[in-house]
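Asker: So here's structure_31.cif (mmCIF, C-alpha atoms and all ligand atoms).
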```
data_structure
#
loop_
_atom_site.group_PDB
_atom_site.id
_atom_site.type_symbol
_atom_site.label_atom_id
_atom_site.label_comp_id
_atom_site.auth_asym_id
_atom_site.auth_seq_id
_atom_site.Cartn_x
_atom_site.Cartn_y
_atom_site.Cartn_z
ATOM 1 C CA MET A 1126 130.559 157.741 66.127
ATOM 2 C CA PRO A 1127 132.173 154.450 65.134
ATOM 3 C CA VAL A 1128 132.333 153.912 61.400
ATOM 4 C CA GLN A 1129 129.717 151.576 59.941
ATOM 5 C CA LYS A 1130 131.144 148.929 57.648
ATOM 6 C CA VAL A 1131 129.952 148.803 54.061
ATOM 7 C CA ASP A 1132 130.787 146.103 51.476
ATOM 8 C CA LYS A 1133 133.605 147.330 49.285
ATOM 9 C CA ILE A 1134 136.586 149.649 49.202
ATOM 10 C CA TRP A 1135 138.321 150.609 45.966
ATOM 11 C CA MET A 1136 142.080 149.911 46.127
ATOM 12 C CA ASN A 1137 144.409 150.517 43.195
ATOM 13 C CA GLY A 1138 141.785 149.742 40.612
ATOM 14 C CA THR A 1139 139.829 146.903 42.184
ATOM 15 C CA LEU A 1140 136.970 146.677 44.648
ATOM 16 C CA VAL A 1141 138.043 144.664 47.691
ATOM 17 C CA ASN A 1142 136.036 143.596 50.707
ATOM 18 C CA TRP A 1143 135.945 146.153 53.537
ATOM 19 C CA ASP A 1144 137.872 143.831 55.886
ATOM 20 C CA ASP A 1145 140.578 143.176 53.299
ATOM 21 C CA ALA A 1146 141.418 146.842 52.653
ATOM 22 C CA LYS A 1147 144.738 146.685 54.523
ATOM 23 C CA ILE A 1148 148.240 148.107 54.183
ATOM 24 C CA HIS A 1149 151.633 147.112 55.595
ATOM 25 C CA VAL A 1150 152.792 148.769 58.830
ATOM 26 C CA LEU A 1151 156.009 149.831 57.097
ATOM 27 C CA SER A 1152 154.100 151.803 54.464
ATOM 28 C CA HIS A 1153 155.630 155.272 54.150
ATOM 29 C CA VAL A 1154 152.334 156.957 55.033
ATOM 30 C CA VAL A 1155 152.202 155.331 58.461
ATOM 31 C CA HIS A 1156 155.537 156.814 59.516
ATOM 32 C CA TYR A 1157 155.599 160.196 57.802
ATOM 33 C CA GLY A 1158 151.977 161.167 57.116
ATOM 34 C CA THR A 1159 152.553 160.896 53.383
ATOM 35 C CA SER A 1160 149.004 161.071 52.091
ATOM 36 C CA TRP A 1161 146.611 163.429 50.327
ATOM 37 C CA PHE A 1162 142.918 163.001 50.551
ATOM 38 C CA GLU A 1163 139.481 164.386 49.862
ATOM 39 C CA GLY A 1164 136.209 164.439 51.726
ATOM 40 C CA ILE A 1165 133.188 164.540 49.447
ATOM 41 C CA ARG A 1166 129.480 164.199 50.181
ATOM 42 C CA CYS A 1167 126.916 162.302 48.204
ATOM 43 C CA TYR A 1168 123.382 163.459 48.996
ATOM 44 C CA GLU A 1169 120.065 161.780 48.528
ATOM 45 C CA THR A 1170 118.069 164.067 46.231
ATOM 46 C CA PRO A 1171 114.568 163.645 44.756
ATOM 47 C CA LYS A 1172 116.276 162.428 41.561
ATOM 48 C CA GLY A 1173 118.525 159.927 43.359
ATOM 49 C CA PRO A 1174 121.981 160.050 44.948
ATOM 50 C CA ALA A 1175 124.128 162.941 43.740
ATOM 51 C CA VAL A 1176 127.701 163.957 44.555
ATOM 52 C CA PHE A 1177 128.394 167.609 45.352
ATOM 53 C CA ARG A 1178 131.101 169.236 43.196
ATOM 54 C CA LEU A 1179 132.944 165.996 42.497
ATOM 55 C CA ASP A 1180 135.063 167.551 39.745
ATOM 56 C CA ARG A 1181 136.304 170.293 42.083
ATOM 57 C CA HIS A 1182 137.244 167.789 44.778
ATOM 58 C CA ILE A 1183 139.140 165.585 42.365
ATOM 59 C CA ARG A 1184 140.947 168.615 40.964
ATOM 60 C CA ARG A 1185 141.961 169.631 44.495
ATOM 61 C CA LEU A 1186 143.226 166.091 45.171
ATOM 62 C CA PHE A 1187 145.455 166.273 42.109
ATOM 63 C CA ASP A 1188 146.619 169.759 43.130
ATOM 64 C CA SER A 1189 147.478 168.548 46.648
ATOM 65 C CA VAL A 1190 149.601 165.755 45.236
ATOM 66 C CA LYS A 1191 151.240 168.029 42.665
ATOM 67 C CA ILE A 1192 152.432 170.413 45.402
ATOM 68 C CA TYR A 1193 154.433 167.449 46.724
ATOM 69 C CA ARG A 1194 155.868 166.673 43.262
ATOM 70 C CA THR A 1195 154.089 163.385 43.193
ATOM 71 C CA GLU A 1196 152.042 161.812 40.439
ATOM 72 C CA ILE A 1197 148.847 159.831 40.787
ATOM 73 C CA PRO A 1198 149.006 156.776 38.522
ATOM 74 C CA TYR A 1199 145.431 157.430 37.316
ATOM 75 C CA THR A 1200 143.741 160.255 35.453
ATOM 76 C CA GLU A 1201 141.256 162.656 37.049
ATOM 77 C CA LYS A 1202 138.579 160.985 34.960
ATOM 78 C CA GLN A 1203 139.500 157.531 36.269
ATOM 79 C CA ILE A 1204 139.425 158.658 39.913
ATOM 80 C CA THR A 1205 136.126 160.464 39.352
ATOM 81 C CA GLU A 1206 134.620 157.335 37.849
ATOM 82 C CA ALA A 1207 136.110 155.184 40.641
ATOM 83 C CA CYS A 1208 134.386 157.372 43.269
ATOM 84 C CA LEU A 1209 131.036 156.889 41.555
ATOM 85 C CA GLU A 1210 131.715 153.174 41.136
ATOM 86 C CA THR A 1211 132.436 152.806 44.870
ATOM 87 C CA VAL A 1212 129.177 154.566 45.788
ATOM 88 C CA ARG A 1213 127.287 152.298 43.377
ATOM 89 C CA ALA A 1214 129.024 149.109 44.508
ATOM 90 C CA ASN A 1215 127.915 149.774 48.071
ATOM 91 C CA ARG A 1216 124.407 150.820 46.995
ATOM 92 C CA MET A 1217 124.724 154.018 49.054
ATOM 93 C CA ARG A 1218 122.011 156.667 49.022
ATOM 94 C CA ALA A 1219 123.725 159.397 51.031
ATOM 95 C CA CYS A 1220 127.351 158.980 52.069
ATOM 96 C CA TYR A 1221 130.744 160.508 52.575
ATOM 97 C CA ILE A 1222 133.399 159.653 49.994
ATOM 98 C CA ARG A 1223 137.059 159.504 51.008
ATOM 99 C CA PRO A 1224 139.583 159.117 48.185
ATOM 100 C CA ILE A 1225 143.113 158.875 49.577
ATOM 101 C CA VAL A 1226 146.452 158.816 47.770
ATOM 102 C CA TYR A 1227 149.360 157.561 49.854
ATOM 103 C CA ARG A 1228 152.961 156.443 49.673
ATOM 104 C CA GLY A 1229 152.938 152.727 50.295
ATOM 105 C CA TYR A 1230 155.286 149.900 51.145
ATOM 106 C CA GLY A 1231 158.669 149.166 49.631
ATOM 107 C CA ASP A 1232 161.432 151.317 51.080
ATOM 108 C CA VAL A 1233 162.285 152.922 54.431
ATOM 109 C CA GLY A 1234 163.488 156.420 55.313
ATOM 110 C CA VAL A 1235 162.167 159.903 54.685
ATOM 111 C CA ASN A 1236 162.726 159.907 50.912
ATOM 112 C CA PRO A 1237 159.283 159.071 49.529
ATOM 113 C CA LEU A 1238 160.307 158.652 45.916
ATOM 114 C CA PRO A 1239 161.068 154.909 45.936
ATOM 115 C CA CYS A 1240 157.697 154.080 47.533
ATOM 116 C CA PRO A 1241 154.651 153.303 45.404
ATOM 117 C CA VAL A 1242 151.835 155.842 45.070
ATOM 118 C CA ASP A 1243 148.720 153.925 46.075
ATOM 119 C CA VAL A 1244 145.099 155.046 45.860
ATOM 120 C CA ALA A 1245 142.064 153.949 47.836
ATOM 121 C CA ILE A 1246 138.456 155.132 47.932
ATOM 122 C CA ALA A 1247 136.143 154.385 50.831
ATOM 123 C CA VAL A 1248 132.556 155.428 51.449
ATOM 124 C CA TRP A 1249 130.530 155.456 54.642
ATOM 125 C CA GLU A 1250 127.467 157.041 56.128
ATOM 126 C CA TRP A 1251 128.297 160.251 57.947
ATOM 127 C CA GLY A 1252 125.699 162.302 59.775
ATOM 128 C CA THR A 1253 126.216 165.779 61.226
ATOM 129 C CA TYR A 1254 129.893 166.387 61.892
ATOM 130 C CA LEU A 1255 129.702 168.585 64.980
ATOM 131 C CA GLY A 1256 126.887 166.908 66.863
ATOM 132 C CA PRO A 1257 123.189 166.289 66.210
ATOM 133 C CA GLU A 1258 122.019 169.815 67.097
ATOM 134 C CA ALA A 1259 124.942 171.698 65.564
ATOM 135 C CA LEU A 1260 123.162 172.721 62.364
ATOM 136 C CA THR A 1261 120.087 174.128 64.105
ATOM 137 C CA GLU A 1262 121.396 175.309 67.496
ATOM 138 C CA GLY A 1263 124.952 176.355 66.678
ATOM 139 C CA ILE A 1264 128.144 175.339 68.487
ATOM 140 C CA ASP A 1265 130.460 176.729 71.160
ATOM 141 C CA VAL A 1266 134.043 177.238 70.026
ATOM 142 C CA CYS A 1267 137.320 178.626 71.328
ATOM 143 C CA VAL A 1268 140.351 180.261 69.803
ATOM 144 C CA SER A 1269 143.106 177.673 69.763
ATOM 145 C CA THR A 1270 146.445 178.173 71.490
ATOM 146 C CA TRP A 1271 147.868 176.411 68.420
ATOM 147 C CA ASN A 1272 148.643 178.422 65.296
ATOM 148 C CA ARG A 1273 148.246 177.328 61.714
ATOM 149 C CA PRO A 1274 151.527 176.640 59.871
ATOM 150 C CA ALA A 1275 153.792 179.553 59.001
ATOM 151 C CA PRO A 1276 154.317 180.271 55.296
ATOM 152 C CA ASN A 1277 156.934 178.034 53.752
ATOM 153 C CA THR A 1278 156.424 175.291 56.314
ATOM 154 C CA LEU A 1279 153.485 172.951 55.681
ATOM 155 C CA PRO A 1280 151.581 174.042 52.571
ATOM 156 C CA THR A 1281 147.976 174.474 53.668
ATOM 157 C CA MET A 1282 146.571 174.537 50.136
ATOM 158 C CA ALA A 1283 147.389 170.839 50.039
ATOM 159 C CA LYS A 1284 144.951 168.566 51.838
ATOM 160 C CA ALA A 1285 147.760 166.367 53.136
ATOM 161 C CA GLY A 1286 147.361 163.736 55.849
ATOM 162 C CA GLY A 1287 150.280 165.147 57.824
ATOM 163 C CA ASN A 1288 148.525 168.511 58.205
ATOM 164 C CA TYR A 1289 145.892 166.872 60.328
ATOM 165 C CA ILE A 1290 148.231 166.128 63.203
ATOM 166 C CA LEU A 1291 147.928 169.894 63.884
ATOM 167 C CA SER A 1292 144.152 169.729 63.502
ATOM 168 C CA GLN A 1293 144.205 167.038 66.184
ATOM 169 C CA LEU A 1294 146.102 169.262 68.619
ATOM 170 C CA MET A 1295 143.434 171.925 68.088
ATOM 171 C CA LYS A 1296 140.536 169.515 68.334
ATOM 172 C CA VAL A 1297 141.666 167.708 71.485
ATOM 173 C CA GLU A 1298 142.466 170.974 73.260
ATOM 174 C CA ALA A 1299 139.009 172.313 72.384
ATOM 175 C CA LEU A 1300 137.154 169.152 73.434
ATOM 176 C CA GLN A 1301 139.020 168.864 76.728
ATOM 177 C CA ALA A 1302 138.168 172.482 77.526
ATOM 178 C CA GLY A 1303 134.465 171.832 76.862
ATOM 179 C CA PHE A 1304 134.178 173.290 73.345
ATOM 180 C CA LYS A 1305 132.993 171.575 70.163
ATOM 181 C CA GLU A 1306 135.642 173.044 67.917
ATOM 182 C CA ALA A 1307 138.532 175.519 67.756
ATOM 183 C CA ILE A 1308 139.429 178.401 65.482
ATOM 184 C CA ALA A 1309 143.142 178.737 64.776
ATOM 185 C CA LEU A 1310 145.011 181.943 64.055
ATOM 186 C CA ASP A 1311 147.775 182.063 61.496
ATOM 187 C CA VAL A 1312 151.346 182.782 62.497
ATOM 188 C CA ASN A 1313 150.670 186.546 62.323
ATOM 189 C CA GLY A 1314 147.734 186.295 64.712
ATOM 190 C CA GLN A 1315 145.057 186.685 62.013
ATOM 191 C CA VAL A 1316 142.084 184.355 61.883
ATOM 192 C CA SER A 1317 142.649 181.260 59.742
ATOM 193 C CA GLU A 1318 140.186 178.345 60.053
ATOM 194 C CA GLY A 1319 138.859 175.493 62.179
ATOM 195 C CA SER A 1320 140.435 172.059 62.553
ATOM 196 C CA GLY A 1321 138.369 170.826 59.602
ATOM 197 C CA GLU A 1322 136.260 173.807 58.521
ATOM 198 C CA ASN A 1323 136.584 177.252 56.988
ATOM 199 C CA LEU A 1324 135.263 180.235 58.920
ATOM 200 C CA PHE A 1325 132.903 183.060 57.970
ATOM 201 C CA ALA A 1326 131.850 186.200 59.858
ATOM 202 C CA VAL A 1327 128.965 188.594 59.267
ATOM 203 C CA LYS A 1328 129.422 192.208 60.342
ATOM 204 C CA ASP A 1329 126.968 194.983 59.450
ATOM 205 C CA GLY A 1330 125.432 192.878 56.697
ATOM 206 C CA VAL A 1331 128.758 192.135 54.984
ATOM 207 C CA ILE A 1332 130.026 188.559 54.730
ATOM 208 C CA LEU A 1333 133.705 188.168 55.525
ATOM 209 C CA THR A 1334 136.045 185.195 55.337
ATOM 210 C CA PRO A 1335 139.832 184.919 55.741
ATOM 211 C CA TRP A 1336 141.681 185.074 52.441
ATOM 212 C CA LEU A 1337 143.767 182.234 51.079
ATOM 213 C CA ALA A 1338 147.108 183.531 52.403
ATOM 214 C CA SER A 1339 145.980 183.069 56.030
ATOM 215 C CA SER A 1340 147.192 179.438 56.012
ATOM 216 C CA LEU A 1341 143.924 177.758 55.166
ATOM 217 C CA LEU A 1342 142.543 175.015 53.001
ATOM 218 C CA PRO A 1343 140.707 176.428 49.972
ATOM 219 C CA GLY A 1344 137.413 174.839 50.912
ATOM 220 C CA ILE A 1345 134.950 173.824 48.251
ATOM 221 C CA THR A 1346 132.025 174.605 50.538
ATOM 222 C CA ARG A 1347 133.698 177.970 51.201
ATOM 223 C CA VAL A 1348 133.880 178.907 47.536
ATOM 224 C CA SER A 1349 130.333 177.616 46.968
ATOM 225 C CA VAL A 1350 128.923 179.651 49.875
ATOM 226 C CA LEU A 1351 130.787 182.743 48.642
ATOM 227 C CA GLN A 1352 129.117 182.309 45.264
ATOM 228 C CA ILE A 1353 125.661 181.633 46.733
ATOM 229 C CA ALA A 1354 125.963 184.718 48.958
ATOM 230 C CA ARG A 1355 126.964 186.924 46.023
ATOM 231 C CA GLU A 1356 124.057 185.610 43.966
ATOM 232 C CA LEU A 1357 121.682 186.415 46.844
ATOM 233 C CA GLY A 1358 122.930 189.990 46.579
ATOM 234 C CA TYR A 1359 125.185 190.161 49.643
ATOM 235 C CA GLU A 1360 128.491 191.933 49.768
ATOM 236 C CA VAL A 1361 131.210 189.339 50.243
ATOM 237 C CA ARG A 1362 134.872 189.977 51.056
ATOM 238 C CA GLU A 1363 137.923 187.788 51.489
ATOM 239 C CA VAL A 1364 139.991 189.582 54.108
ATOM 240 C CA THR A 1365 142.870 189.507 56.536
ATOM 241 C CA MET A 1366 140.667 188.917 59.567
ATOM 242 C CA PRO A 1367 141.698 190.286 62.963
ATOM 243 C CA ARG A 1368 141.021 188.051 65.944
ATOM 244 C CA GLU A 1369 138.894 190.674 67.673
ATOM 245 C CA LEU A 1370 136.359 190.536 64.846
ATOM 246 C CA LEU A 1371 135.360 187.160 66.287
ATOM 247 C CA TYR A 1372 134.185 188.901 69.466
ATOM 248 C CA VAL A 1373 132.196 191.670 67.781
ATOM 249 C CA ALA A 1374 130.809 189.836 64.734
ATOM 250 C CA ASP A 1375 127.017 189.722 64.352
ATOM 251 C CA GLU A 1376 127.269 186.129 63.145
ATOM 252 C CA LEU A 1377 129.900 183.438 62.737
ATOM 253 C CA PHE A 1378 129.694 180.125 60.966
ATOM 254 C CA PHE A 1379 131.832 177.247 59.742
ATOM 255 C CA THR A 1380 131.705 175.652 56.305
ATOM 256 C CA GLY A 1381 133.007 172.278 55.200
ATOM 257 C CA THR A 1382 131.976 169.108 53.446
ATOM 258 C CA ALA A 1383 131.510 167.343 56.780
ATOM 259 C CA ALA A 1384 130.377 170.456 58.733
ATOM 260 C CA GLU A 1385 128.184 171.807 55.876
ATOM 261 C CA VAL A 1386 127.059 175.263 57.130
ATOM 262 C CA THR A 1387 127.318 175.186 60.943
ATOM 263 C CA PRO A 1388 126.401 178.266 63.004
ATOM 264 C CA ILE A 1389 128.723 179.287 65.860
ATOM 265 C CA ARG A 1390 126.885 180.629 68.907
ATOM 266 C CA SER A 1391 129.812 181.489 71.160
ATOM 267 C CA VAL A 1392 133.568 182.062 71.016
ATOM 268 C CA ASP A 1393 135.682 181.797 74.153
ATOM 269 C CA ARG A 1394 132.427 181.698 76.181
ATOM 270 C CA GLN A 1395 131.290 185.028 74.745
ATOM 271 C CA LYS A 1396 128.001 185.040 72.815
ATOM 272 C CA VAL A 1397 128.105 185.687 69.085
ATOM 273 C CA GLY A 1398 125.316 188.235 68.465
ATOM 274 C CA ASP A 1399 122.454 187.168 70.702
ATOM 275 C CA GLY A 1400 123.892 183.668 71.130
ATOM 276 C CA LYS A 1401 121.631 182.043 68.541
ATOM 277 C CA PRO A 1402 122.318 181.052 64.934
ATOM 278 C CA GLY A 1403 122.253 184.250 62.850
ATOM 279 C CA PRO A 1404 119.615 184.987 60.208
ATOM 280 C CA LEU A 1405 122.076 185.322 57.354
ATOM 281 C CA THR A 1406 123.841 182.119 58.384
ATOM 282 C CA MET A 1407 120.555 180.237 58.343
ATOM 283 C CA LYS A 1408 119.612 181.765 54.992
ATOM 284 C CA LEU A 1409 122.877 180.557 53.476
ATOM 285 C CA GLN A 1410 122.489 177.153 55.127
ATOM 286 C CA ALA A 1411 118.980 176.848 53.638
ATOM 287 C CA ALA A 1412 120.232 177.878 50.197
ATOM 288 C CA PHE A 1413 123.019 175.287 50.428
ATOM 289 C CA PHE A 1414 120.634 172.511 51.496
ATOM 290 C CA ASP A 1415 118.203 173.515 48.776
ATOM 291 C CA ILE A 1416 120.893 172.591 46.264
ATOM 292 C CA VAL A 1417 122.258 169.422 47.830
ATOM 293 C CA LYS A 1418 119.104 167.978 49.382
ATOM 294 C CA ASN A 1419 116.308 169.318 47.177
ATOM 295 C CA GLY A 1420 118.386 169.013 44.024
ATOM 296 C CA LYS A 1421 117.732 172.630 42.965
ATOM 297 C CA ASP A 1422 120.974 172.950 41.107
ATOM 298 C CA PRO A 1423 121.258 175.987 38.806
ATOM 299 C CA HIS A 1424 125.075 175.752 38.730
ATOM 300 C CA GLY A 1425 125.344 172.082 37.729
ATOM 301 C CA TRP A 1426 127.140 171.231 40.976
ATOM 302 C CA LEU A 1427 125.505 167.824 41.402
ATOM 303 C CA LYS A 1428 126.787 164.700 39.684
ATOM 304 C CA TYR A 1429 124.152 161.994 39.724
ATOM 305 C CA VAL A 1430 125.475 158.578 40.677
HETATM 306 N N1 LIG A 1501 139.687 173.394 56.344
HETATM 307 C C1 LIG A 1501 140.166 172.195 56.718
HETATM 308 C C2 LIG A 1501 141.403 172.139 57.517
HETATM 309 C C3 LIG A 1501 139.465 171.050 56.339
HETATM 310 O O1 LIG A 1501 139.946 169.863 56.706
HETATM 311 C C4 LIG A 1501 138.273 171.153 55.592
HETATM 312 C C5 LIG A 1501 137.509 169.935 55.208
HETATM 313 C C6 LIG A 1501 137.821 172.436 55.225
HETATM 314 C C7 LIG A 1501 138.559 173.529 55.603
HETATM 315 C C8 LIG A 1501 136.610 172.634 54.376
HETATM 316 O O2 LIG A 1501 136.855 172.239 53.046
HETATM 317 P P1 LIG A 1501 135.679 171.676 52.105
HETATM 318 O O3 LIG A 1501 135.267 170.375 52.659
HETATM 319 O O4 LIG A 1501 136.309 171.576 50.773
HETATM 320 O O5 LIG A 1501 134.574 172.667 52.135
HETATM 321 N N2 LIG A 1501 137.557 168.900 56.151
HETATM 322 C C9 LIG A 1501 137.155 167.571 55.744
HETATM 323 C C10 LIG A 1501 137.625 166.521 56.715
HETATM 324 C C11 LIG A 1501 136.907 166.349 57.978
HETATM 325 C C12 LIG A 1501 137.440 165.160 58.760
HETATM 326 O O6 LIG A 1501 137.255 165.124 59.979
HETATM 327 O O7 LIG A 1501 138.022 164.250 58.151
HETATM 328 C C13 LIG A 1501 135.681 167.509 55.403
HETATM 329 O O8 LIG A 1501 134.919 168.368 55.803
HETATM 330 O O9 LIG A 1501 135.313 166.585 54.685
#
```
Give the structure from this file in structure tokens form.
Ligand code: PPE

Answerer:
Amino acid sequence: MPVQKVDKIWMNGTLVNWDDAKIHVLSHVVHYGTSWFEGIRCYETPKGPAVFRLDRHIRRLFDSVKIYRTEIPYTEKQITEACLETVRANRMRACYIRPIVYRGYGDVGVNPLPCPVDVAIAVWEWGTYLGPEALTEGIDVCVSTWNRPAPNTLPTMAKAGGNYILSQLMKVEALQAGFKEAIALDVNGQVSEGSGENLFAVKDGVILTPWLASSLLPGITRVSVLQIARELGYEVREVTMPRELLYVADELFFTGTAAEVTPIRSVDRQKVGDGKPGPLTMKLQAAFFDIVKNGKDPHGWLKYV
């Protein structure tokens, strides 16, 4: 789906016209993937547009950058306010918000330190991430032949631009083989995550998800769904997840800002359960949408624009 232009993009403190939000081709980020970003959703609720867990996303952005010993030349409060300002400036109701911190133009070579740390925030309308029927019908996925990064290689707790070159290998392989998405294993062969989603399994009524040390991004939807599930009274465990659990699970689903709560109906052409979205998956999806779309927000997760 080609991106739909809106009016303004926030760049280093000012709102510029969409068509003027440009960088130089010798910017460090273009050559070495030197960026850190967030993906945040703003939902239209009965009380107006509201951003889901904005504080958590901005904290993760600062954490991502910190892992790379870099400093954002703004405070968390300033970036938070800039996100809201960009939504307002474009008069968006529901949208996706993409703050990105990147090493810009000024020097050449791997050493990033002499290059400026630039910040931009864009917003656009983004519908369902994995296809129009994904949320209701579920999707077909495969296990990727690509592994997630080994420990002490690319830090997966950082949402860094460069990490997504691996996500692209996974995604293209899956699409070309006729699947919507791929699940990657970590370097030990344990289940990690999708190209842009965290993974959950349901087995015998227990909700399982790979733990943080399986080379995954600590998803904000993941941690929210874990909390919602616990509050609904389910047993929830973060585990080292063997690959074969994927083939015997009663239910599987992905979580992510873009993917929301997406049921998985088959893995490697084998049905998950009876091949339809699972009841617990749909219960958690409904509970999630009740918060973000109906504005029923007991945790204070919504920030009104
Ligand atoms: N793992 C990865 C690798 C990932 O990129 C995401 C988000 C998640 C897990 C889920 O994290 P969270 O959004 O905090 O629940 N992927 C973002 C980017 C998607 C894209 O194509 O760009 C997203 O969902 O916004």

Asker: Taking all atoms listed in the file and a cut-off of 9 Å, can you tell me which residues surround ligand LIG 1501 (chain A), written as a VMD selection string?

Answerer: chain A and resid 1162 to 1166 1181 to 1182 1185 1221 to 1223 1254 1281 1284 1288 to 1289 1292 1318 to 1324 1341 to 1349 1379 to 1385

Asker: Suppose we keep C-alpha atoms; can you now write the selection as a compact mmCIF listing (two decimals), in the frame of the given file?

Answerer:
```txt
# COMPACT_ATOMS: atom_id res chain seq x y z
CA PHE A 1162 142.92 163.00 50.55
CA GLU A 1163 139.48 164.39 49.86
CA GLY A 1164 136.21 164.44 51.73
CA ILE A 1165 133.19 164.54 49.45
CA ARG A 1166 129.48 164.20 50.18
CA ARG A 1181 136.30 170.29 42.08
CA HIS A 1182 137.24 167.79 44.78
CA ARG A 1185 141.96 169.63 44.50
CA TYR A 1221 130.74 160.51 52.58
CA ILE A 1222 133.40 159.65 49.99
CA ARG A 1223 137.06 159.50 51.01
CA TYR A 1254 129.89 166.39 61.89
CA THR A 1281 147.98 174.47 53.67
CA LYS A 1284 144.95 168.57 51.84
CA ASN A 1288 148.52 168.51 58.20
CA TYR A 1289 145.89 166.87 60.33
CA SER A 1292 144.15 169.73 63.50
CA GLU A 1318 140.19 178.34 60.05
CA GLY A 1319 138.86 175.49 62.18
CA SER A 1320 140.44 172.06 62.55
CA GLY A 1321 138.37 170.83 59.60
CA GLU A 1322 136.26 173.81 58.52
CA ASN A 1323 136.58 177.25 56.99
CA LEU A 1324 135.26 180.24 58.92
CA LEU A 1341 143.92 177.76 55.17
CA LEU A 1342 142.54 175.02 53.00
CA PRO A 1343 140.71 176.43 49.97
CA GLY A 1344 137.41 174.84 50.91
CA ILE A 1345 134.95 173.82 48.25
CA THR A 1346 132.02 174.60 50.54
CA ARG A 1347 133.70 177.97 51.20
CA VAL A 1348 133.88 178.91 47.54
CA SER A 1349 130.33 177.62 46.97
CA PHE A 1379 131.83 177.25 59.74
CA THR A 1380 131.71 175.65 56.30
CA GLY A 1381 133.01 172.28 55.20
CA THR A 1382 131.98 169.11 53.45
CA ALA A 1383 131.51 167.34 56.78
CA ALA A 1384 130.38 170.46 58.73
CA GLU A 1385 128.18 171.81 55.88
```

Asker: Would you compute the distance between CA of Arg1273 (chain A) and CA of Thr1334 (chain A)? Give it in Å to one decimal.

Answerer: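 Distance between the two atoms: 15.9 Å.
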
Asker: For a quick check of understanding, using all atoms listed in the file, which of A:Lys1401, A:Arg1368, A:Lys1172, A:Lys1305 has the smallest distance to Asn1419 (chain A)?

Answerer: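 Under the stated criterion, the closest residue is A:Lys1172.
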
Asker: Within 9 Å of region 1130-1143 of chain A, counting all atoms listed in the file, which residues qualify if same-chain residues fewer than 2 places away don't, as a list in words?

Answerer: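 So the residues in contact are Val1128, Asp1145, Ala1146, Lys1147, Ala1207, Cys1208, Glu1210, Thr1211, Ala1214, Asn1215, Met1217, Pro1224, Asp1243, Val1244, Ala1245, Ile1246, Ala1247, Val1248, Trp1249 and Glu1250 of chain A.
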
Asker: Go ahead and dump the residues you just picked, C-alpha atoms, as a tab-separated table (two decimals), keeping the file's coordinate frame.

Answerer:
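Output saved as part-v9.tsv:
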```tsv
chain	number	residue	atom	x	y	z
A	1128	VAL	CA	132.33	153.91	61.40
A	1145	ASP	CA	140.58	143.18	53.30
A	1146	ALA	CA	141.42	146.84	52.65
A	1147	LYS	CA	144.74	146.68	54.52
A	1207	ALA	CA	136.11	155.18	40.64
A	1208	CYS	CA	134.39	157.37	43.27
A	1210	GLU	CA	131.72	153.17	41.14
A	1211	THR	CA	132.44	152.81	44.87
A	1214	ALA	CA	129.02	149.11	44.51
A	1215	ASN	CA	127.92	149.77	48.07
A	1217	MET	CA	124.72	154.02	49.05
A	1224	PRO	CA	139.58	159.12	48.18
A	1243	ASP	CA	148.72	153.93	46.08
A	1244	VAL	CA	145.10	155.05	45.86
A	1245	ALA	CA	142.06	153.95	47.84
A	1246	ILE	CA	138.46	155.13	47.93
A	1247	ALA	CA	136.14	154.38	50.83
A	1248	VAL	CA	132.56	155.43	51.45
A	1249	TRP	CA	130.53	155.46	54.64
A	1250	GLU	CA	127.47	157.04	56.13
```

Asker: Please evaluate the PyMOL selection byres (((chain A and resi 1336) around 6) and not hetatm) against the structure above and give the resulting residues as a PyMOL selection string.

Answerer: chain A and resi 1335+1337-1339+1363-1364

Asker: Please supply region 1216-1221 of chain A, rebuilt with N, CA, C and O atoms, as a PDB file, in the frame of the given file.

Answerer:
```
ATOM      1  N   ARG A1216     125.830 150.446  47.048  1.00  0.00           N
ATOM      2  CA  ARG A1216     124.407 150.820  46.995  1.00  0.00           C
ATOM      3  C   ARG A1216     124.063 151.906  48.016  1.00  0.00           C
ATOM      4  O   ARG A1216     123.075 151.802  48.747  1.00  0.00           O
ATOM      5  N   MET A1217     124.941 152.947  48.090  1.00  0.00           N
ATOM      6  CA  MET A1217     124.724 154.018  49.054  1.00  0.00           C
ATOM      7  C   MET A1217     123.714 155.016  48.500  1.00  0.00           C
ATOM      8  O   MET A1217     123.679 155.273  47.303  1.00  0.00           O
ATOM      9  N   ARG A1218     122.910 155.572  49.399  1.00  0.00           N
ATOM     10  CA  ARG A1218     122.011 156.667  49.022  1.00  0.00           C
ATOM     11  C   ARG A1218     122.739 157.981  49.334  1.00  0.00           C
ATOM     12  O   ARG A1218     123.150 158.705  48.451  1.00  0.00           O
ATOM     13  N   ALA A1219     122.938 158.230  50.615  1.00  0.00           N
ATOM     14  CA  ALA A1219     123.725 159.397  51.031  1.00  0.00           C
ATOM     15  C   ALA A1219     124.965 158.873  51.730  1.00  0.00           C
ATOM     16  O   ALA A1219     124.884 157.940  52.525  1.00  0.00           O
ATOM     17  N   CYS A1220     126.120 159.439  51.417  1.00  0.00           N
ATOM     18  CA  CYS A1220     127.351 158.980  52.069  1.00  0.00           C
ATOM     19  C   CYS A1220     128.451 160.023  51.955  1.00  0.00           C
ATOM     20  O   CYS A1220     128.313 161.029  51.273  1.00  0.00           O
ATOM     21  N   TYR A1221     129.515 159.724  52.648  1.00  0.00           N
ATOM     22  CA  TYR A1221     130.744 160.508  52.575  1.00  0.00           C
ATOM     23  C   TYR A1221     131.722 159.690  51.732  1.00  0.00           C
ATOM     24  O   TYR A1221     131.750 158.464  51.843  1.00  0.00           O
TER      25      TYR A1221
END
```
